[in-house]
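*Asks:* What follows is the file input38.tsv, containing TSV, C-alpha atoms and all ligand atoms:
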```tsv
chain	number	residue	atom	x	y	z
A	1	MET	CA	-25.43	42.35	-151.41
A	2	THR	CA	-25.67	46.09	-152.06
A	3	VAL	CA	-26.95	48.21	-149.21
A	4	ILE	CA	-29.43	50.54	-150.86
A	5	THR	CA	-29.18	54.06	-149.54
A	6	GLU	CA	-29.89	56.19	-152.61
A	7	ILE	CA	-31.78	56.06	-155.92
A	8	GLU	CA	-28.47	55.70	-157.76
A	9	ASP	CA	-27.96	52.27	-156.08
A	10	LEU	CA	-31.25	51.13	-157.59
A	11	ARG	CA	-30.23	52.42	-161.02
A	12	ARG	CA	-27.03	50.39	-160.92
A	13	ILE	CA	-28.86	47.16	-160.01
A	14	TYR	CA	-31.55	47.92	-162.58
A	15	LYS	CA	-28.91	48.28	-165.29
A	16	ARG	CA	-27.51	44.84	-164.48
A	17	ARG	CA	-30.88	43.09	-164.38
A	18	VAL	CA	-32.96	44.42	-167.27
A	19	PRO	CA	-32.24	43.96	-171.01
A	20	LYS	CA	-30.27	46.86	-172.45
A	21	MET	CA	-33.09	47.76	-174.82
A	22	PHE	CA	-35.44	48.57	-171.91
A	23	TYR	CA	-32.78	50.19	-169.75
A	24	ASP	CA	-31.88	52.52	-172.63
A	25	TYR	CA	-35.56	53.20	-173.30
A	26	ALA	CA	-35.97	54.57	-169.78
A	27	GLU	CA	-32.60	56.19	-169.23
A	28	THR	CA	-32.33	58.19	-172.43
A	29	GLY	CA	-33.52	61.66	-173.36
A	30	SER	CA	-34.26	63.03	-176.82
A	31	TRP	CA	-31.59	64.05	-179.35
A	32	THR	CA	-28.51	65.59	-177.66
A	33	GLN	CA	-30.11	65.03	-174.23
A	34	GLN	CA	-29.35	68.60	-173.12
A	35	THR	CA	-32.76	69.07	-171.50
A	36	PHE	CA	-32.62	65.57	-170.00
A	37	ARG	CA	-29.28	66.41	-168.34
A	38	GLU	CA	-30.31	69.90	-167.21
A	39	ASN	CA	-33.42	68.48	-165.51
A	40	THR	CA	-31.06	67.11	-162.87
A	41	THR	CA	-28.13	69.55	-163.01
A	42	ASP	CA	-30.45	72.57	-162.55
A	43	PHE	CA	-31.80	71.06	-159.34
A	44	ALA	CA	-28.25	71.09	-158.00
A	45	LYS	CA	-27.99	74.85	-158.65
A	46	ILE	CA	-30.74	75.59	-156.13
A	47	ARG	CA	-29.37	75.60	-152.59
A	48	LEU	CA	-31.15	74.84	-149.34
A	49	ARG	CA	-30.82	77.13	-146.31
A	50	GLN	CA	-29.71	75.26	-143.23
A	51	ARG	CA	-31.41	76.47	-140.04
A	52	ILE	CA	-30.73	75.37	-136.49
A	53	ALA	CA	-32.25	75.34	-133.01
A	54	LYS	CA	-35.86	74.83	-134.13
A	55	ASP	CA	-38.07	72.16	-132.63
A	56	MET	CA	-37.91	69.23	-135.03
A	57	ALA	CA	-39.87	66.66	-133.06
A	58	GLY	CA	-43.08	65.21	-134.52
A	59	ARG	CA	-42.41	65.88	-138.18
A	60	SER	CA	-44.88	65.22	-140.98
A	61	THR	CA	-44.63	64.99	-144.75
A	62	ARG	CA	-48.36	64.32	-145.13
A	63	CYS	CA	-50.11	66.61	-147.56
A	64	ARG	CA	-53.20	67.02	-149.71
A	65	MET	CA	-53.26	66.58	-153.47
A	66	LEU	CA	-56.49	66.77	-155.50
A	67	GLY	CA	-58.62	66.76	-152.38
A	68	GLU	CA	-57.08	63.66	-150.77
A	69	GLU	CA	-54.46	63.15	-148.11
A	70	TRP	CA	-51.19	61.36	-149.00
A	71	ALA	CA	-48.02	60.25	-147.21
A	72	MET	CA	-45.85	62.79	-149.06
A	73	PRO	CA	-46.10	65.11	-152.08
A	74	VAL	CA	-44.94	62.44	-154.52
A	75	ALA	CA	-46.86	60.39	-157.09
A	76	LEU	CA	-45.66	57.71	-159.50
A	77	ALA	CA	-45.64	59.25	-162.99
A	78	PRO	CA	-47.22	57.46	-165.94
A	79	VAL	CA	-44.51	55.36	-167.57
A	80	GLY	CA	-45.13	53.28	-170.69
A	81	LEU	CA	-43.87	49.70	-170.92
A	82	CYS	CA	-43.39	49.24	-167.15
A	83	GLY	CA	-44.43	45.66	-167.72
A	84	MET	CA	-41.27	45.17	-169.79
A	85	GLN	CA	-39.05	46.48	-166.98
A	86	HIS	CA	-40.37	43.78	-164.67
A	87	ALA	CA	-43.02	41.13	-165.11
A	88	ASP	CA	-46.42	42.59	-164.15
A	89	GLY	CA	-44.58	45.90	-163.69
A	90	GLU	CA	-47.62	48.18	-163.50
A	91	ILE	CA	-49.31	45.97	-160.93
A	92	LYS	CA	-46.13	45.82	-158.82
A	93	ALA	CA	-45.64	49.58	-158.94
A	94	ALA	CA	-49.30	50.28	-158.18
A	95	ARG	CA	-49.21	47.97	-155.16
A	96	ALA	CA	-46.06	49.60	-153.80
A	97	ALA	CA	-47.59	53.07	-154.21
A	98	GLU	CA	-50.82	51.99	-152.55
A	99	LYS	CA	-49.03	50.53	-149.55
A	100	PHE	CA	-46.85	53.61	-149.18
A	101	GLY	CA	-49.80	55.98	-149.50
A	102	VAL	CA	-48.92	57.87	-152.69
A	103	PRO	CA	-50.84	58.01	-155.99
A	104	PHE	CA	-50.00	55.65	-158.85
A	105	THR	CA	-50.61	56.79	-162.44
A	106	LEU	CA	-51.21	54.12	-165.06
A	107	SER	CA	-50.02	54.98	-168.58
A	108	THR	CA	-52.15	54.36	-171.66
A	109	MET	CA	-49.04	52.60	-173.05
A	110	SER	CA	-48.85	50.10	-170.19
A	111	ILE	CA	-48.47	46.36	-170.58
A	112	CYS	CA	-50.96	45.52	-167.80
A	113	SER	CA	-54.44	46.85	-168.51
A	114	ILE	CA	-56.58	49.24	-166.45
A	115	GLU	CA	-58.64	46.23	-165.38
A	116	ASP	CA	-55.53	44.20	-164.42
A	117	VAL	CA	-54.30	46.96	-162.15
A	118	ALA	CA	-57.75	47.55	-160.63
A	119	GLU	CA	-58.09	43.84	-159.89
A	120	HIS	CA	-54.80	43.76	-157.95
A	121	THR	CA	-55.20	46.98	-155.97
A	122	GLU	CA	-57.74	48.30	-153.50
A	123	LYS	CA	-57.43	52.06	-153.71
A	124	PRO	CA	-58.27	54.12	-156.80
A	125	PHE	CA	-55.36	55.08	-159.02
A	126	TRP	CA	-54.91	57.86	-161.60
A	127	PHE	CA	-55.13	57.05	-165.30
A	128	GLN	CA	-53.10	58.84	-167.99
A	129	VAL	CA	-54.48	59.33	-171.48
A	130	TYR	CA	-52.71	60.54	-174.55
A	131	THR	CA	-54.55	62.86	-176.90
A	132	LEU	CA	-55.49	60.41	-179.63
A	133	LYS	CA	-57.29	60.97	-182.92
A	134	ASP	CA	-59.75	58.15	-182.41
A	135	ASP	CA	-62.53	59.77	-180.40
A	136	ASP	CA	-64.42	56.47	-179.90
A	137	PHE	CA	-61.33	54.82	-178.50
A	138	MET	CA	-60.63	57.73	-176.16
A	139	ARG	CA	-64.20	57.62	-174.89
A	140	ARG	CA	-63.91	53.87	-174.33
A	141	LEU	CA	-60.61	54.30	-172.49
A	142	ILE	CA	-62.15	56.93	-170.25
A	143	ALA	CA	-65.22	54.75	-169.66
A	144	ARG	CA	-62.93	51.86	-168.68
A	145	ALA	CA	-61.05	54.14	-166.28
A	146	LYS	CA	-64.38	55.17	-164.77
A	147	ASP	CA	-65.52	51.53	-164.41
A	148	ALA	CA	-62.18	50.76	-162.72
A	149	LYS	CA	-62.94	53.62	-160.27
A	150	CYS	CA	-59.89	55.69	-161.21
A	151	SER	CA	-59.92	58.85	-159.13
A	152	ALA	CA	-58.36	61.26	-161.66
A	153	ILE	CA	-57.44	61.51	-165.32
A	154	VAL	CA	-54.04	62.80	-166.37
A	155	ILE	CA	-54.14	64.09	-169.95
A	156	THR	CA	-50.66	64.26	-171.43
A	157	VAL	CA	-50.51	67.26	-173.74
A	158	ASP	CA	-46.86	67.35	-174.80
A	159	LEU	CA	-46.83	64.44	-177.24
A	160	GLN	CA	-48.63	65.46	-180.42
A	161	VAL	CA	-45.41	64.49	-182.17
A	162	MET	CA	-42.67	62.41	-180.65
A	163	GLY	CA	-39.14	63.44	-179.73
A	164	GLN	CA	-36.48	61.09	-181.06
A	165	ARG	CA	-34.30	58.96	-178.83
A	166	HIS	CA	-31.36	57.71	-180.86
A	167	LYS	CA	-30.77	54.62	-178.76
A	168	ASP	CA	-34.32	53.33	-179.18
A	169	LEU	CA	-33.93	53.44	-182.97
A	170	LYS	CA	-30.51	51.80	-182.81
A	171	ASN	CA	-31.73	49.10	-180.41
A	172	GLY	CA	-34.82	48.41	-182.53
A	173	LEU	CA	-36.93	48.84	-179.39
A	174	SER	CA	-40.01	46.67	-179.43
A	175	ALA	CA	-42.20	44.84	-176.93
A	176	PRO	CA	-41.82	41.89	-176.85
A	177	PRO	CA	-38.11	42.29	-177.76
A	178	LYS	CA	-37.00	41.42	-181.29
A	179	PRO	CA	-35.01	38.18	-181.17
A	180	THR	CA	-31.78	39.47	-182.74
A	181	PRO	CA	-28.63	37.48	-181.74
A	182	ALA	CA	-27.43	40.43	-179.59
A	183	ALA	CA	-30.82	40.71	-177.83
A	184	ILE	CA	-30.93	36.95	-177.16
A	185	LEU	CA	-27.42	37.04	-175.69
A	186	ASP	CA	-28.34	40.04	-173.56
A	187	VAL	CA	-31.53	38.41	-172.25
A	188	MET	CA	-29.59	35.23	-171.37
A	189	THR	CA	-27.46	37.27	-168.97
A	190	LYS	CA	-30.62	38.82	-167.42
A	191	TRP	CA	-32.01	35.53	-166.14
A	192	ARG	CA	-34.14	37.00	-163.34
A	193	TRP	CA	-35.93	39.22	-165.82
A	194	ALA	CA	-36.38	36.38	-168.32
A	195	LEU	CA	-37.69	34.02	-165.64
A	196	GLY	CA	-40.22	36.60	-164.46
A	197	MET	CA	-41.39	37.24	-168.00
A	198	ALA	CA	-41.70	33.52	-168.70
A	199	GLN	CA	-43.85	33.07	-165.60
A	200	THR	CA	-46.19	35.98	-166.08
A	201	LYS	CA	-49.61	35.62	-167.60
A	202	ARG	CA	-49.31	37.23	-171.03
A	203	ARG	CA	-50.42	40.83	-170.91
A	204	PHE	CA	-49.47	42.82	-173.96
A	205	PHE	CA	-50.36	46.52	-174.20
A	206	GLY	CA	-53.52	45.65	-172.33
A	207	ASN	CA	-55.14	49.08	-172.73
A	208	ILE	CA	-54.85	48.97	-176.50
A	209	VAL	CA	-54.57	45.51	-178.02
A	210	GLY	CA	-58.05	44.11	-178.46
A	211	HIS	CA	-59.62	47.46	-177.53
A	212	ALA	CA	-58.56	49.89	-180.27
A	213	LYS	CA	-60.14	49.24	-183.66
A	214	GLY	CA	-58.23	46.58	-185.58
A	215	VAL	CA	-55.40	46.25	-183.05
A	216	SER	CA	-54.93	42.60	-182.25
A	217	ASN	CA	-51.17	41.95	-182.43
A	218	ALA	CA	-47.73	43.60	-182.51
A	219	ALA	CA	-47.87	44.46	-186.23
A	220	SER	CA	-51.28	46.11	-186.06
A	221	LEU	CA	-50.27	47.86	-182.81
A	222	SER	CA	-47.23	49.50	-184.35
A	223	SER	CA	-49.14	50.84	-187.35
A	224	TRP	CA	-51.93	52.04	-185.04
A	225	THR	CA	-49.40	53.81	-182.76
A	226	ALA	CA	-47.74	55.55	-185.71
A	227	GLU	CA	-51.16	56.89	-186.71
A	228	ALA	CA	-52.79	57.35	-183.33
A	229	PHE	CA	-51.58	60.66	-181.87
A	230	ASP	CA	-53.64	63.69	-182.69
A	231	GLN	CA	-51.28	66.16	-184.33
A	232	SER	CA	-54.07	68.67	-184.78
A	233	LEU	CA	-54.78	68.88	-181.05
A	234	ASP	CA	-55.83	72.37	-179.91
A	235	TRP	CA	-57.31	73.93	-176.77
A	236	GLU	CA	-60.84	73.32	-177.99
A	237	ARG	CA	-60.14	69.59	-178.23
A	238	ILE	CA	-58.44	69.64	-174.81
A	239	LYS	CA	-61.60	71.23	-173.39
A	240	GLU	CA	-63.69	68.45	-174.99
A	241	LEU	CA	-61.43	65.85	-173.41
A	242	ARG	CA	-61.66	67.63	-170.07
A	243	ASP	CA	-65.43	67.46	-170.26
A	244	MET	CA	-65.43	63.69	-170.90
A	245	TRP	CA	-64.41	63.11	-167.26
A	246	ASP	CA	-66.48	64.28	-164.33
A	247	GLY	CA	-63.72	64.02	-161.72
A	248	PRO	CA	-60.40	65.84	-161.38
A	249	VAL	CA	-58.41	66.40	-164.57
A	250	ILE	CA	-54.67	67.04	-164.63
A	251	LEU	CA	-52.96	68.38	-167.77
A	252	LYS	CA	-49.42	67.03	-167.93
A	253	GLY	CA	-46.63	68.53	-169.98
A	254	ILE	CA	-46.93	72.30	-169.43
A	255	LEU	CA	-43.68	74.26	-169.61
A	256	ASP	CA	-44.85	77.78	-170.38
A	257	ALA	CA	-46.83	80.30	-168.33
A	258	GLU	CA	-49.13	81.13	-171.28
A	259	ASP	CA	-50.07	77.46	-171.65
A	260	ALA	CA	-50.65	77.23	-167.92
A	261	LYS	CA	-53.18	80.08	-168.14
A	262	GLN	CA	-54.95	78.28	-171.02
A	263	ALA	CA	-55.05	75.10	-168.94
A	264	LEU	CA	-56.86	77.06	-166.26
A	265	ASN	CA	-59.28	78.47	-168.86
A	266	VAL	CA	-60.29	75.02	-170.12
A	267	GLY	CA	-61.12	73.93	-166.59
A	268	ALA	CA	-58.16	71.72	-165.65
A	269	ASP	CA	-57.99	71.12	-161.90
A	270	ALA	CA	-54.24	70.80	-161.95
A	271	ILE	CA	-51.27	70.87	-164.28
A	272	VAL	CA	-47.97	69.05	-164.22
A	273	VAL	CA	-45.05	71.27	-165.13
A	274	SER	CA	-43.04	68.74	-167.10
A	275	ASN	CA	-40.84	68.28	-170.14
A	276	HIS	CA	-41.62	64.56	-170.20
A	277	GLY	CA	-38.34	63.75	-168.46
A	278	GLY	CA	-36.33	65.37	-171.26
A	279	ARG	CA	-37.84	63.01	-173.82
A	280	GLN	CA	-39.62	65.57	-175.99
A	281	LEU	CA	-38.22	69.01	-176.95
A	282	ASP	CA	-34.45	68.87	-176.58
A	283	GLY	CA	-33.26	72.41	-175.85
A	284	ALA	CA	-36.36	73.25	-173.81
A	285	LEU	CA	-35.95	74.65	-170.31
A	286	SER	CA	-35.35	72.21	-167.50
A	287	SER	CA	-38.60	71.67	-165.69
A	288	ILE	CA	-37.41	73.18	-162.39
A	289	ARG	CA	-36.31	76.34	-164.21
A	290	ALA	CA	-39.78	76.62	-165.79
A	291	LEU	CA	-41.62	76.22	-162.48
A	292	PRO	CA	-41.27	79.74	-160.94
A	293	SER	CA	-42.86	81.65	-163.85
A	294	ILE	CA	-45.72	79.15	-164.02
A	295	MET	CA	-46.29	79.49	-160.28
A	296	ASP	CA	-46.46	83.27	-160.73
A	297	ALA	CA	-49.02	82.87	-163.52
A	298	VAL	CA	-51.45	80.33	-162.04
A	299	GLY	CA	-50.09	79.12	-158.69
A	300	ASP	CA	-52.81	80.79	-156.61
A	301	LYS	CA	-55.63	79.53	-158.86
A	302	MET	CA	-54.97	75.83	-159.40
A	303	GLU	CA	-52.79	72.97	-158.19
A	304	VAL	CA	-49.42	73.02	-159.90
A	305	HIS	CA	-47.61	69.69	-159.83
A	306	PHE	CA	-44.10	69.09	-161.06
A	307	ASP	CA	-41.95	66.39	-162.67
A	308	SER	CA	-38.75	65.79	-164.63
A	309	GLY	CA	-35.42	65.33	-162.92
A	310	ILE	CA	-36.40	64.25	-159.42
A	311	ARG	CA	-33.87	61.77	-158.07
A	312	SER	CA	-34.02	62.53	-154.35
A	313	GLY	CA	-36.12	63.81	-151.49
A	314	GLN	CA	-34.09	67.03	-151.59
A	315	ASP	CA	-35.38	67.56	-155.15
A	316	VAL	CA	-38.96	67.02	-153.95
A	317	LEU	CA	-38.34	69.56	-151.17
A	318	LYS	CA	-37.02	72.15	-153.65
A	319	ALA	CA	-40.00	71.73	-156.00
A	320	ARG	CA	-42.41	71.96	-153.08
A	321	ALA	CA	-40.62	75.06	-151.75
A	322	LEU	CA	-41.02	76.69	-155.17
A	323	GLY	CA	-44.76	76.14	-154.78
A	324	ALA	CA	-45.54	72.76	-156.34
A	325	THR	CA	-48.46	71.02	-154.64
A	326	GLY	CA	-47.09	67.64	-155.63
A	327	THR	CA	-44.33	66.01	-157.63
A	328	MET	CA	-44.15	62.97	-159.87
A	329	ILE	CA	-41.24	60.59	-160.14
A	330	GLY	CA	-40.60	58.62	-163.33
A	331	ARG	CA	-37.18	57.06	-163.61
A	332	ALA	CA	-36.59	57.04	-159.86
A	333	PHE	CA	-39.31	54.41	-159.43
A	334	VAL	CA	-38.54	52.60	-162.71
A	335	TYR	CA	-35.00	51.93	-161.42
A	336	GLY	CA	-36.50	50.31	-158.34
A	337	LEU	CA	-39.03	48.35	-160.37
A	338	GLY	CA	-36.43	46.96	-162.78
A	339	ALA	CA	-34.03	46.22	-159.92
A	340	MET	CA	-36.39	44.43	-157.53
A	341	GLY	CA	-40.04	44.64	-158.58
A	342	GLU	CA	-42.52	45.82	-155.95
A	343	GLU	CA	-39.88	45.77	-153.23
A	344	GLY	CA	-37.67	48.03	-155.35
A	345	VAL	CA	-40.44	50.60	-155.87
A	346	THR	CA	-41.09	50.57	-152.13
A	347	LYS	CA	-37.36	51.07	-151.56
A	348	ALA	CA	-37.32	54.05	-153.96
A	349	LEU	CA	-40.23	55.63	-152.06
A	350	GLU	CA	-38.57	54.97	-148.70
A	351	VAL	CA	-35.29	56.54	-149.84
A	352	ILE	CA	-37.06	59.64	-151.14
A	353	HIS	CA	-39.23	59.92	-148.04
A	354	LYS	CA	-36.27	59.70	-145.69
A	355	GLU	CA	-34.30	62.30	-147.66
A	356	LEU	CA	-37.33	64.60	-147.76
A	357	ASP	CA	-38.07	64.28	-144.06
A	358	THR	CA	-34.48	64.76	-142.90
A	359	SER	CA	-33.69	67.64	-145.25
A	360	MET	CA	-36.91	69.40	-144.34
A	361	ALA	CA	-35.87	69.19	-140.68
A	362	LEU	CA	-32.38	70.50	-141.44
A	363	CYS	CA	-34.02	73.48	-143.14
A	364	GLY	CA	-35.85	74.17	-139.90
A	365	LYS	CA	-39.31	72.91	-140.90
A	366	ARG	CA	-41.21	70.10	-139.30
A	367	ASP	CA	-44.31	70.08	-141.46
A	368	ILE	CA	-44.18	69.86	-145.25
A	369	ASN	CA	-47.17	72.21	-145.37
A	370	ASP	CA	-45.03	74.98	-143.82
A	371	VAL	CA	-42.26	74.65	-146.40
A	372	ASP	CA	-41.98	77.75	-148.55
A	373	ARG	CA	-39.58	79.66	-150.76
A	374	ASP	CA	-37.81	80.94	-147.67
A	375	ILE	CA	-35.82	77.71	-147.34
A	376	LEU	CA	-34.24	78.17	-150.78
A	377	LEU	CA	-31.42	80.12	-152.35
A	378	VAL	CA	-32.43	80.28	-156.02
A	379	PRO	CA	-30.04	81.59	-158.71
A	380	GLU	CA	-31.24	84.88	-160.14
A	381	ASP	CA	-31.52	83.56	-163.70
A	382	PHE	CA	-34.20	81.07	-162.58
A	383	GLU	CA	-36.76	83.85	-162.35
A	401	LIG	C1	-42.28	58.38	-169.58
A	401	LIG	N1	-43.21	59.42	-169.49
A	401	LIG	C2	-44.51	59.21	-169.90
A	401	LIG	N2	-45.45	60.18	-169.72
A	401	LIG	C3	-46.73	59.97	-170.07
A	401	LIG	O1	-47.56	60.85	-169.88
A	401	LIG	N3	-47.11	58.76	-170.58
A	401	LIG	C4	-46.23	57.74	-170.80
A	401	LIG	O2	-46.60	56.66	-171.26
A	401	LIG	C5	-44.87	57.98	-170.48
A	401	LIG	N4	-43.92	57.02	-170.69
A	401	LIG	C6	-42.65	57.18	-170.20
A	401	LIG	C7	-41.74	56.14	-170.29
A	401	LIG	C8	-40.49	56.28	-169.72
A	401	LIG	C9	-39.52	55.14	-169.77
A	401	LIG	C10	-40.12	57.48	-169.07
A	401	LIG	C11	-38.78	57.64	-168.41
A	401	LIG	C12	-41.01	58.51	-169.01
A	401	LIG	C13	-42.86	60.68	-168.81
A	401	LIG	C14	-43.09	60.55	-167.30
A	401	LIG	O3	-44.45	60.49	-167.00
A	401	LIG	C15	-42.49	61.71	-166.52
A	401	LIG	O4	-42.94	62.92	-167.08
A	401	LIG	C16	-40.95	61.70	-166.52
A	401	LIG	O5	-40.47	60.39	-166.35
A	401	LIG	C17	-40.44	62.59	-165.41
A	401	LIG	O6	-39.06	62.67	-165.46
A	401	LIG	P1	-38.07	61.78	-164.55
A	401	LIG	O7	-38.67	61.71	-163.16
A	401	LIG	O8	-38.02	60.43	-165.20
A	401	LIG	O9	-36.79	62.52	-164.63
```
Let me see the structure of the file written as structure tokens.

*Replies:*
Amino acid sequence: MTVITEIEDLRRIYKRRVPKMFYDYAETGSWTQQTFRENTTDFAKIRLRQRIAKDMAGRSTRCRMLGEEWAMPVALAPVGLCGMQHADGEIKAARAAEKFGVPFTLSTMSICSIEDVAEHTEKPFWFQVYTLKDDDFMRRLIARAKDAKCSAIVITVDLQVMGQRHKDLKNGLSAPPKPTPAAILDVMTKWRWALGMAQTKRRFFGNIVGHAKGVSNAASLSSWTAEAFDQSLDWERIKELRDMWDGPVILKGILDAEDAKQALNVGADAIVVSNHGGRQLDGALSSIRALPSIMDAVGDKMEVHFDSGIRSGQDVLKARALGATGTMIGRAFVYGLGAMGEEGVTKALEVIHKELDTSMALCGKRDINDVDRDILLVPEDFE
């Protein structure tokens, strides 16, 4: 029995338990994966300043994001196909987040529907929408999120066209998996996963199938998806989408200070500095390297959240010290979910919380709200 002390432990168990097709889907970045790799290696280039002899009793990582108080500045990022990483994956992740006291974001491309997740949770969650061509469908999605009492909408703005992940093409990624001999053999060795899937009530792209026009099965879903994303998206359209929701709106996928200023102009309440976990523009800046200039541009006017590359509480601390109000974790919770379902997501949150709390103390801070740039040594070329 592995003693889990770090996110990497969860990744190793996850790799053993989930079919290769879904492991690769999560673990891979686009094309050469340069940006995917630098998302984590650039974090390591920022150093923390150790301080001593400061009162460290009574520490707190509690903070405010979008007008509410949370256990720590971490949210679960929207991740498509969570329900293929573990049976009822979105429900399991949402329940773990709720119990821990951090926000959960449901992806449009989830297996469990908005209604499924709302039925199995008590607190409101955030809902992520892609910018889709079909205005009626977008309005219906947003109306469903409102009926489910979602507390914020996250509009993902970095996926007008899709980055290519070689492994997904080679694996013939599909949900449910294509029954090739290799996939059948693989699934037979992942018995826990297969058993869970066999036992779950069938939920298949619950936000889309049966809701988008003409989408009723896998074949119609794949042609709809190929057509669905709005390649002509512009700021005017983003403003229209913003105005469809009367609560807080977060624009996710900003990597440039000019775009951050535009996000402010169209009335976004917050942005997420993100390169989609290195899954979109390969060769783009790592997200942590992009954060300082965006903070300079809009940091005193709106909430700036951050994701891409977080694998530890130390990473959360660094992003927060550079000014981020909150952070999102993607793969770090997916590893836990695939490894052990709800318990695994809870474990991922516990690991990150402990690392954040202890490292904050070793930097001489006892309240996350007092953490600032002063605790960091940032390489000059990050500016
Ligand atoms: C994602 N991401 C994503 N983002 C989004 O807005 N909608 C989505 O459906 C998905 N789907 C998705 C699937 C998988 C498997 C991954 C790994 C990521 C991006 C996600 O929200 C987040 O930006 C990144 O995961 C952050 O990077 P890290 O934490 O995974 O390094």

*Asks:* What's around Ala71 (chain A) at 12 Å? Count all atoms listed in the file, leave out sequence neighbours fewer than 5 positions away in its own chain, and write the answer as a list in words.

*Replies:*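 Near neighbours after the sequence-gap exclusion: Ser60, Thr61, Arg62, Cys63, Arg64, Met65, Ala97, Glu98, Lys99, Phe100, Gly101, Val102, Pro103, Gly326, Leu349, Glu350, Ile352, His353, Lys354, Leu356, Asp357, Asp367 and Ile368 of chain A.
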
*Asks:* Export C-alpha atoms of the chosen residues as an mmCIF file, in the frame of the given file?

*Replies:*
```
data_model
loop_
_atom_site.group_PDB
_atom_site.id
_atom_site.type_symbol
_atom_site.label_atom_id
_atom_site.label_comp_id
_atom_site.auth_asym_id
_atom_site.auth_seq_id
_atom_site.Cartn_x
_atom_site.Cartn_y
_atom_site.Cartn_z
ATOM 1 C CA SER A 60 -44.880 65.220 -140.980
ATOM 2 C CA THR A 61 -44.630 64.990 -144.750
ATOM 3 C CA ARG A 62 -48.360 64.320 -145.130
ATOM 4 C CA CYS A 63 -50.110 66.610 -147.560
ATOM 5 C CA ARG A 64 -53.200 67.020 -149.710
ATOM 6 C CA MET A 65 -53.260 66.580 -153.470
ATOM 7 C CA ALA A 97 -47.590 53.070 -154.210
ATOM 8 C CA GLU A 98 -50.820 51.990 -152.550
ATOM 9 C CA LYS A 99 -49.030 50.530 -149.550
ATOM 10 C CA PHE A 100 -46.850 53.610 -149.180
ATOM 11 C CA GLY A 101 -49.800 55.980 -149.500
ATOM 12 C CA VAL A 102 -48.920 57.870 -152.690
ATOM 13 C CA PRO A 103 -50.840 58.010 -155.990
ATOM 14 C CA GLY A 326 -47.090 67.640 -155.630
ATOM 15 C CA LEU A 349 -40.230 55.630 -152.060
ATOM 16 C CA GLU A 350 -38.570 54.970 -148.700
ATOM 17 C CA ILE A 352 -37.060 59.640 -151.140
ATOM 18 C CA HIS A 353 -39.230 59.920 -148.040
ATOM 19 C CA LYS A 354 -36.270 59.700 -145.690
ATOM 20 C CA LEU A 356 -37.330 64.600 -147.760
ATOM 21 C CA ASP A 357 -38.070 64.280 -144.060
ATOM 22 C CA ASP A 367 -44.310 70.080 -141.460
ATOM 23 C CA ILE A 368 -44.180 69.860 -145.250
#
```

*Asks:* Distance limit 8 Å, reference ligand LIG 401 (chain A), atoms considered: all atoms listed in the file. Which residues make the cut? Give them as a tab-separated table (two decimals) with C-alpha atoms, in the coordinates of the input.

*Replies:*
```tsv
chain	number	residue	atom	x	y	z
A	25	TYR	CA	-35.56	53.20	-173.30
A	26	ALA	CA	-35.97	54.57	-169.78
A	27	GLU	CA	-32.60	56.19	-169.23
A	28	THR	CA	-32.33	58.19	-172.43
A	36	PHE	CA	-32.62	65.57	-170.00
A	39	ASN	CA	-33.42	68.48	-165.51
A	40	THR	CA	-31.06	67.11	-162.87
A	77	ALA	CA	-45.64	59.25	-162.99
A	78	PRO	CA	-47.22	57.46	-165.94
A	79	VAL	CA	-44.51	55.36	-167.57
A	80	GLY	CA	-45.13	53.28	-170.69
A	81	LEU	CA	-43.87	49.70	-170.92
A	82	CYS	CA	-43.39	49.24	-167.15
A	107	SER	CA	-50.02	54.98	-168.58
A	108	THR	CA	-52.15	54.36	-171.66
A	109	MET	CA	-49.04	52.60	-173.05
A	110	SER	CA	-48.85	50.10	-170.19
A	128	GLN	CA	-53.10	58.84	-167.99
A	129	VAL	CA	-54.48	59.33	-171.48
A	130	TYR	CA	-52.71	60.54	-174.55
A	154	VAL	CA	-54.04	62.80	-166.37
A	155	ILE	CA	-54.14	64.09	-169.95
A	156	THR	CA	-50.66	64.26	-171.43
A	252	LYS	CA	-49.42	67.03	-167.93
A	253	GLY	CA	-46.63	68.53	-169.98
A	274	SER	CA	-43.04	68.74	-167.10
A	275	ASN	CA	-40.84	68.28	-170.14
A	276	HIS	CA	-41.62	64.56	-170.20
A	277	GLY	CA	-38.34	63.75	-168.46
A	278	GLY	CA	-36.33	65.37	-171.26
A	279	ARG	CA	-37.84	63.01	-173.82
A	307	ASP	CA	-41.95	66.39	-162.67
A	308	SER	CA	-38.75	65.79	-164.63
A	309	GLY	CA	-35.42	65.33	-162.92
A	310	ILE	CA	-36.40	64.25	-159.42
A	311	ARG	CA	-33.87	61.77	-158.07
A	328	MET	CA	-44.15	62.97	-159.87
A	329	ILE	CA	-41.24	60.59	-160.14
A	330	GLY	CA	-40.60	58.62	-163.33
A	331	ARG	CA	-37.18	57.06	-163.61
A	332	ALA	CA	-36.59	57.04	-159.86
A	334	VAL	CA	-38.54	52.60	-162.71
```

*Asks:* Calculated over all atoms listed in the file, which of the candidates A:Arg49, A:Val18, A:Val345, A:Tyr23 has the smallest distance to Ile375 (chain A)?

*Replies:*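 Using all atoms listed in the file, the shortest distance to Ile375 (chain A) belongs to A:Arg49.
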
*Asks:* Which residues are close to Ile7 (chain A), i.e. within 9 Å by only C-alpha atoms, leaving aside same-chain residues fewer than 5 positions away? Reply as a short mmCIF file (atom, residue, chain, number, x, y, z; two decimals) with C-alpha atoms, keeping the file's coordinate frame.

*Replies:*
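out10.cif was written with the following content:
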```
data_model
loop_
_atom_site.label_atom_id
_atom_site.label_comp_id
_atom_site.auth_asym_id
_atom_site.auth_seq_id
_atom_site.Cartn_x
_atom_site.Cartn_y
_atom_site.Cartn_z
CA ARG A 12 -27.03 50.39 -160.92
CA ARG A 311 -33.87 61.77 -158.07
CA SER A 312 -34.02 62.53 -154.35
CA ALA A 332 -36.59 57.04 -159.86
CA PHE A 333 -39.31 54.41 -159.43
CA TYR A 335 -35.00 51.93 -161.42
CA GLY A 336 -36.50 50.31 -158.34
CA LYS A 347 -37.36 51.07 -151.56
CA ALA A 348 -37.32 54.05 -153.96
CA VAL A 351 -35.29 56.54 -149.84
CA ILE A 352 -37.06 59.64 -151.14
#
```
